[in-house]
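Novice: Encoded as structure tokens, here's the structure I'll be asking about.
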Amino acid sequence: MATYKNRSVTLNKPFRTPNQTKKFAVYVKNPKTNNVIKVRFGDPKMSIKKNQPARKKSFLARHKCSTAKNRTTARYWSCRAWK
């Protein structure tokens with residue numbers, strides 16, 4: 001557990017954000033500043049179709065998911081949702 005804006009939050013566990021600009025969000029600790037930040041990702045109007053191999057392969061290649069290592073980026077969490 002960590003603290004974000006005086007609230008206790010769970011780190012590294014994506015959750016849905018209804019009525020927001022993005023579909024998901026996740027709280028992560030920024031290693032550079034040691035602060036907890038909220039990373040938002042995903043288009044709320046699109047669905048994740050990771051069960052279709054061709055779409056999954058295309059998404060992972062298009063976003064270069066093999067090089068996404070930084071947990072503080074939306075790309076990392078979006079790629080992880082597709083795996």
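We name chains A, B, ... following the order of the structure tokens; residues begin at 1 in each chain, and ligands are numbered from 1 as shown.
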Go through chain A and collect every residue that DSSP, computed from the backbone, puts in strand (DSSP E or B); the answer should be as a count of residues only.
Specialist: 21
Novice: Hey, what's within 6 Å of segment 3-19 of chain A if we count only C-alpha atoms and toss same-chain stuff fewer than 6 positions away? As an NGL selection string, please?
Specialist: :A and (25-28 or 36)
Novice: One number please: atom CA of Asn70 of chain A to atom CA of Pro31 of chain A, in Å, one decimal.
Specialist: 10.0 Å
Novice: Between atom CA of Lys57 of chain A and atom CA of Thr21 of chain A, what is the distance in Å, rounded to a tenth?
Specialist: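 Value for the atom CA of Lys57 of chain A-atom CA of Thr21 of chain A distance: 26.0 Å.
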Novice: May I have the residues within 10 Å of Ile48 of chain A as a PyMOL selection string, using only C-alpha atoms and disregarding those fewer than 2 positions away in the same chain?
Specialist: chain A and resi 42-43+46+50-52+55-56+59+78+81-82
Novice: In Å, with one decimal, what is the gap from atom CA of Ala61 of chain A to atom CA of Ala74 of chain A?
Specialist: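 These atoms are spaced 15.9 Å apart.
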Novice: Chain A: which residues are alpha helix (DSSP H) by DSSP, as a list in words?
Specialist: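 In chain A, DSSP puts these residues in alpha helix (DSSP H): Pro53, Ala54, Arg55, Lys56, Lys57, Ser58, Phe59, Leu60, Ala61, Arg62, Ala74, Arg75, Tyr76, Trp77, Ser78, Cys79, Arg80, Ala81 and Trp82 of chain A.
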Novice: Would you mind telling me which residue in A:Pro53, A:Arg75, A:Lys69, A:Leu60 lies nearest to Phe41 of chain A when using only C-alpha atoms?
Specialist: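 Result for the nearest residue to Phe41 of chain A: A:Arg75.
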Novice: Calculated over only C-alpha atoms, which of the candidates A:Thr73, A:Ser58, A:His63, A:Pro44 has the smallest distance to Lys29 of chain A?
Specialist: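 Of all the options, A:Thr73 lies closest to Lys29 of chain A.
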